[in-house]
Amino acid sequence: MLTLYFSGTGNTEFIAKLFSARMEAECLSIEENMDAADFSERISVHDTLAFCYPIYCSRVPRNMREFTAAHKDFINGKKVIILVTQMFFSGDGARVFTDLFEDGAIEVIYAEHFNMPLNMGNVAILNPWKPSDRSIRKSLERAKIKMARICGDINKGIVKKRGFAKGSELLGFIQGKPWQKDTESIHAQRGEKRGQVGVKVFDNCNACNLCTRICPMNNLVNDGGKIIQQGNCAVCYRCVNHCPQKAVTVLIPCRPKWQYKGPYEGSC
């Protein structure tokens, strides 16, 4: 088994590594410094693939969509496990992954959603849910308990598919409608349009270049001492949560009031 994951601020990495440790599976970030041939080779030699990603308004992150598109020929025919991290709910957050493939191209043997700590410190309405150290620990403990159940089910051959019911699909469609891309078919990749999401850099930015180094989409560049975007934001919130000056924001043009640094080290 091979686990492939994308993680914006650490929540999904926690889930991917927790799952892989329990299932004794190889675990790779899709940001790993490997070329396409290496990834394709790794995928080819495994019968089962676990995909882990954060869900954004019931949509698969763009870089995960682009990764699967680049390796689709090697993913087709595999058994697939889908583990999704979410804030509160995502409707069909796991099911939308199957929209990236033709009907019957993959066999989903398990799909589950995990509620993880909030990382959107620039959205004032969400401030009541700002994660405390205690709430983070509780979230991680709940995730461990759920993961034990999931891995037990998989080892017993039990199939469960969270988010695949019609009601979940409807909820996901409504929630993701503002992000919906014009689609040519039901199997077209779904998500935000390139350049649709705004990134704002405030005047207190000191151009330390941390955001340019950690952006998974290479969306931020230093142009003569000023950080500018390239219209390719995936809304991972990595820059928002790691900027030392709290000078970067996405989606909402407000400076973040707090930052989420991710799960505690060693908590797996």
# chains A, B, ... in the order shown; residues from 1 in each chain; ligands from 1

$ closest_atom_pairs --of "region 112-142 of chain A" --to "region 229-243 of chain A" --cutoff "9 Å" --atoms "only C-alpha atoms" --output "Markdown table"
| residue | atom | partner | partner_atom | distance |
| --- | --- | --- | --- | --- |
| A:Asn119 | CA | A:Tyr237 | CA | 7.4 |
| A:Met120 | CA | A:Tyr237 | CA | 7.2 |
| A:Gly121 | CA | A:Asn241 | CA | 7.8 |
| A:Asn122 | CA | A:Val240 | CA | 8.1 |

$ write_last_selection --atoms "all heavy atoms" --output "compact mmCIF listing (two decimals), in the first residue's frame"
# COMPACT_ATOMS: atom_id res chain seq x y z
N ASN A 119 -7.76 26.33 10.82
CA ASN A 119 -6.51 27.04 10.50
C ASN A 119 -6.76 28.37 9.79
O ASN A 119 -5.85 28.94 9.20
CB ASN A 119 -5.60 26.16 9.64
CG ASN A 119 -6.20 25.87 8.26
OD1 ASN A 119 -7.30 26.28 7.94
ND2 ASN A 119 -5.45 25.15 7.44
N MET A 120 -7.99 28.88 9.86
CA MET A 120 -8.35 30.10 9.14
C MET A 120 -8.46 31.29 10.09
O MET A 120 -9.55 31.74 10.45
CB MET A 120 -9.66 29.89 8.36
CG MET A 120 -9.58 28.74 7.36
SD MET A 120 -11.17 28.33 6.59
CE MET A 120 -11.47 29.83 5.61
N GLY A 121 -7.31 31.80 10.51
CA GLY A 121 -7.29 32.88 11.49
C GLY A 121 -7.63 34.25 10.93
O GLY A 121 -7.66 35.23 11.68
N ASN A 122 -7.91 34.34 9.64
CA ASN A 122 -8.26 35.64 9.04
C ASN A 122 -9.75 35.80 8.83
O ASN A 122 -10.20 36.81 8.27
CB ASN A 122 -7.53 35.82 7.70
CG ASN A 122 -7.96 34.80 6.66
OD1 ASN A 122 -8.42 33.72 7.00
ND2 ASN A 122 -7.80 35.15 5.40

$ residues_around --residues "Lys156 (chain A)" --least-positions-apart "5" --cutoff "12 Å" --atoms "only C-alpha atoms" --output "ChimeraX atom specification"
/A:109-110,149-151

$ closest_residue --among "A:Ala165, A:Ala50, A:Val159, A:Met23" --to "Val96 (chain A)" --atoms "only C-alpha atoms"
A:Ala165

$ select_by_dssp --residues "region 3-246 of chain A" --states "strand (DSSP E)" --output "ChimeraX atom specification"
/A:3-5,26-29,48-54,79-86,107-115,160-161,199-201,220-223,226-229

$ atom_distance --atom1 "CA of Ala16 (chain A)" --atom2 "CA of Phe101 (chain A)"
21.9 Å

$ residues_around --residues "Gly8 (chain A)" --least-positions-apart "2" --cutoff "12 Å" --atoms "only C-alpha atoms" --output "PyMOL selection string"
chain A and resi 5-6+10-14+29-31+52-56+61-64+85-86+118-120+214-217+233-242+260-263

$ atom_distance --atom1 "CA of Val250 (chain A)" --atom2 "CA of Ala207 (chain A)"
17.1 Å

$ select_by_dssp --residues "region 61-253 of chain A" --states "helix (DSSP H, G or I)" --output "ChimeraX atom specification"
/A:62-70,72-75,95-100,124-129,133-156,166-179,210-214,238-242

$ closest_residue --among "A:Ala143, A:Val123, A:Val248, A:Ala94" --to "Ala111 (chain A)" --atoms "only C-alpha atoms"
A:Ala94

$ residues_around --residues "Ser139 (chain A)" --least-positions-apart "4" --cutoff "9 Å" --atoms "only C-alpha atoms" --output "JSON, numbers by chain"
{"A": [115, 116, 117, 134, 135, 143, 144]}

$ write_last_selection --atoms "N, CA, C and O atoms" --output "PDB file, in the first residue's frame"
ATOM      1  N   ASN A 115     -12.533  15.570  11.126  1.00  0.00           N
ATOM      2  CA  ASN A 115     -12.600  16.955  11.591  1.00  0.00           C
ATOM      3  C   ASN A 115     -11.295  17.282  12.306  1.00  0.00           C
ATOM      4  O   ASN A 115     -10.923  16.613  13.272  1.00  0.00           O
ATOM      5  N   MET A 116     -10.619  18.307  11.826  1.00  0.00           N
ATOM      6  CA  MET A 116      -9.317  18.677  12.371  1.00  0.00           C
ATOM      7  C   MET A 116      -9.342  20.143  12.804  1.00  0.00           C
ATOM      8  O   MET A 116     -10.257  20.895  12.474  1.00  0.00           O
ATOM      9  N   PRO A 117      -8.315  20.603  13.551  1.00  0.00           N
ATOM     10  CA  PRO A 117      -8.305  21.972  14.061  1.00  0.00           C
ATOM     11  C   PRO A 117      -8.398  23.015  12.954  1.00  0.00           C
ATOM     12  O   PRO A 117      -7.851  22.864  11.862  1.00  0.00           O
ATOM     13  N   ARG A 134      -5.530  22.739  24.192  1.00  0.00           N
ATOM     14  CA  ARG A 134      -6.352  21.623  24.678  1.00  0.00           C
ATOM     15  C   ARG A 134      -7.240  21.080  23.563  1.00  0.00           C
ATOM     16  O   ARG A 134      -7.363  19.859  23.399  1.00  0.00           O
ATOM     17  N   SER A 135      -7.866  21.970  22.782  1.00  0.00           N
ATOM     18  CA  SER A 135      -8.752  21.500  21.716  1.00  0.00           C
ATOM     19  C   SER A 135      -7.976  20.783  20.619  1.00  0.00           C
ATOM     20  O   SER A 135      -8.473  19.829  20.020  1.00  0.00           O
ATOM     21  N   ALA A 143      -8.902  11.775  16.367  1.00  0.00           N
ATOM     22  CA  ALA A 143      -8.425  11.262  15.079  1.00  0.00           C
ATOM     23  C   ALA A 143      -7.762   9.905  15.244  1.00  0.00           C
ATOM     24  O   ALA A 143      -7.938   9.006  14.413  1.00  0.00           O
ATOM     25  N   LYS A 144      -6.993   9.731  16.320  1.00  0.00           N
ATOM     26  CA  LYS A 144      -6.321   8.451  16.568  1.00  0.00           C
ATOM     27  C   LYS A 144      -7.336   7.340  16.804  1.00  0.00           C
ATOM     28  O   LYS A 144      -7.180   6.215  16.298  1.00  0.00           O
TER      29      LYS A 144
END

$ atom_distance --atom1 "CA of Asn219 (chain A)" --atom2 "CA of Ser58 (chain A)"
22.1 Å

$ closest_residue --among "A:Phe19, A:Phe67, A:Ala36, A:Gly198" --to "Lys146 (chain A)" --atoms "only C-alpha atoms"
A:Phe19

$ closest_residue --among "A:Ile154, A:Cys254, A:Val199, A:Ala21" --to "Ile228 (chain A)" --atoms "only C-alpha atoms"
A:Val199

$ decode --residues "region 230-241 of chain A" --atoms "all heavy atoms" --output "mmCIF file, in the first residue's frame"
data_model
loop_
_atom_site.group_PDB
_atom_site.id
_atom_site.type_symbol
_atom_site.label_atom_id
_atom_site.label_comp_id
_atom_site.auth_asym_id
_atom_site.auth_seq_id
_atom_site.Cartn_x
_atom_site.Cartn_y
_atom_site.Cartn_z
ATOM 1 N N GLN A 230 1.049 35.056 -8.454
ATOM 2 C CA GLN A 230 1.027 34.695 -9.868
ATOM 3 C C GLN A 230 -0.350 34.172 -10.309
ATOM 4 O O GLN A 230 -0.477 33.607 -11.391
ATOM 5 C CB GLN A 230 2.076 33.618 -10.131
ATOM 6 C CG GLN A 230 3.485 33.996 -9.691
ATOM 7 C CD GLN A 230 4.011 35.195 -10.448
ATOM 8 O OE1 GLN A 230 4.182 35.147 -11.659
ATOM 9 N NE2 GLN A 230 4.254 36.287 -9.730
ATOM 10 N N GLY A 231 -1.363 34.367 -9.470
ATOM 11 C CA GLY A 231 -2.701 33.911 -9.827
ATOM 12 C C GLY A 231 -2.864 32.409 -9.802
ATOM 13 O O GLY A 231 -3.625 31.841 -10.577
ATOM 14 N N ASN A 232 -2.167 31.744 -8.880
ATOM 15 C CA ASN A 232 -2.199 30.284 -8.845
ATOM 16 C C ASN A 232 -2.356 29.768 -7.418
ATOM 17 O O ASN A 232 -1.772 28.756 -7.040
ATOM 18 C CB ASN A 232 -0.926 29.703 -9.475
ATOM 19 C CG ASN A 232 -1.053 28.229 -9.789
ATOM 20 O OD1 ASN A 232 -2.133 27.745 -10.081
ATOM 21 N ND2 ASN A 232 0.061 27.521 -9.728
ATOM 22 N N CYS A 233 -3.135 30.465 -6.606
ATOM 23 C CA CYS A 233 -3.314 30.094 -5.199
ATOM 24 C C CYS A 233 -4.201 28.858 -5.074
ATOM 25 O O CYS A 233 -5.240 28.756 -5.717
ATOM 26 C CB CYS A 233 -3.938 31.252 -4.424
ATOM 27 S SG CYS A 233 -4.236 30.905 -2.679
ATOM 28 N N ALA A 234 -3.787 27.921 -4.225
ATOM 29 C CA ALA A 234 -4.565 26.712 -3.954
ATOM 30 C C ALA A 234 -5.302 26.805 -2.625
ATOM 31 O O ALA A 234 -5.938 25.855 -2.201
ATOM 32 C CB ALA A 234 -3.661 25.488 -3.958
ATOM 33 N N VAL A 235 -5.212 27.936 -1.925
ATOM 34 C CA VAL A 235 -5.910 28.200 -0.659
ATOM 35 C C VAL A 235 -5.492 27.233 0.434
ATOM 36 O O VAL A 235 -6.312 26.794 1.237
ATOM 37 C CB VAL A 235 -7.448 28.161 -0.834
ATOM 38 C CG1 VAL A 235 -8.124 29.000 0.242
ATOM 39 C CG2 VAL A 235 -7.882 28.663 -2.191
ATOM 40 N N CYS A 236 -4.224 26.880 0.490
ATOM 41 C CA CYS A 236 -3.764 25.956 1.520
ATOM 42 C C CYS A 236 -3.559 26.642 2.865
ATOM 43 O O CYS A 236 -3.412 25.981 3.880
ATOM 44 C CB CYS A 236 -2.475 25.276 1.075
ATOM 45 S SG CYS A 236 -1.009 26.341 1.120
ATOM 46 N N TYR A 237 -3.481 27.957 2.888
ATOM 47 C CA TYR A 237 -3.314 28.772 4.102
ATOM 48 C C TYR A 237 -1.933 28.622 4.731
ATOM 49 O O TYR A 237 -1.690 29.041 5.855
ATOM 50 C CB TYR A 237 -4.402 28.444 5.140
ATOM 51 C CG TYR A 237 -5.580 29.385 5.064
ATOM 52 C CD1 TYR A 237 -6.497 29.295 4.027
ATOM 53 C CD2 TYR A 237 -5.769 30.384 6.014
ATOM 54 C CE1 TYR A 237 -7.572 30.161 3.941
ATOM 55 C CE2 TYR A 237 -6.842 31.260 5.939
ATOM 56 C CZ TYR A 237 -7.742 31.146 4.895
ATOM 57 O OH TYR A 237 -8.804 32.003 4.816
ATOM 58 N N ARG A 238 -1.007 28.057 4.008
ATOM 59 C CA ARG A 238 0.342 27.885 4.544
ATOM 60 C C ARG A 238 1.011 29.237 4.776
ATOM 61 O O ARG A 238 1.624 29.471 5.815
ATOM 62 C CB ARG A 238 1.171 27.018 3.594
ATOM 63 C CG ARG A 238 2.402 26.399 4.221
ATOM 64 C CD ARG A 238 3.123 25.507 3.232
ATOM 65 N NE ARG A 238 2.429 24.258 2.995
ATOM 66 C CZ ARG A 238 2.823 23.348 2.110
ATOM 67 N NH1 ARG A 238 3.896 23.565 1.367
ATOM 68 N NH2 ARG A 238 2.149 22.222 1.960
ATOM 69 N N CYS A 239 0.904 30.128 3.805
ATOM 70 C CA CYS A 239 1.529 31.446 3.937
ATOM 71 C C CYS A 239 0.887 32.259 5.050
ATOM 72 O O CYS A 239 1.567 32.960 5.808
ATOM 73 C CB CYS A 239 1.468 32.204 2.610
ATOM 74 S SG CYS A 239 -0.198 32.478 1.960
ATOM 75 N N VAL A 240 -0.439 32.161 5.161
ATOM 76 C CA VAL A 240 -1.167 32.919 6.186
ATOM 77 C C VAL A 240 -0.716 32.512 7.581
ATOM 78 O O VAL A 240 -0.530 33.357 8.468
ATOM 79 C CB VAL A 240 -2.687 32.705 6.040
ATOM 80 C CG1 VAL A 240 -3.446 33.462 7.129
ATOM 81 C CG2 VAL A 240 -3.171 33.139 4.663
ATOM 82 N N ASN A 241 -0.515 31.213 7.774
ATOM 83 C CA ASN A 241 -0.214 30.701 9.103
ATOM 84 C C ASN A 241 1.260 30.721 9.477
ATOM 85 O O ASN A 241 1.602 30.561 10.650
ATOM 86 C CB ASN A 241 -0.753 29.270 9.229
ATOM 87 C CG ASN A 241 -2.252 29.241 9.423
ATOM 88 O OD1 ASN A 241 -2.759 29.702 10.436
ATOM 89 N ND2 ASN A 241 -2.967 28.715 8.447
#
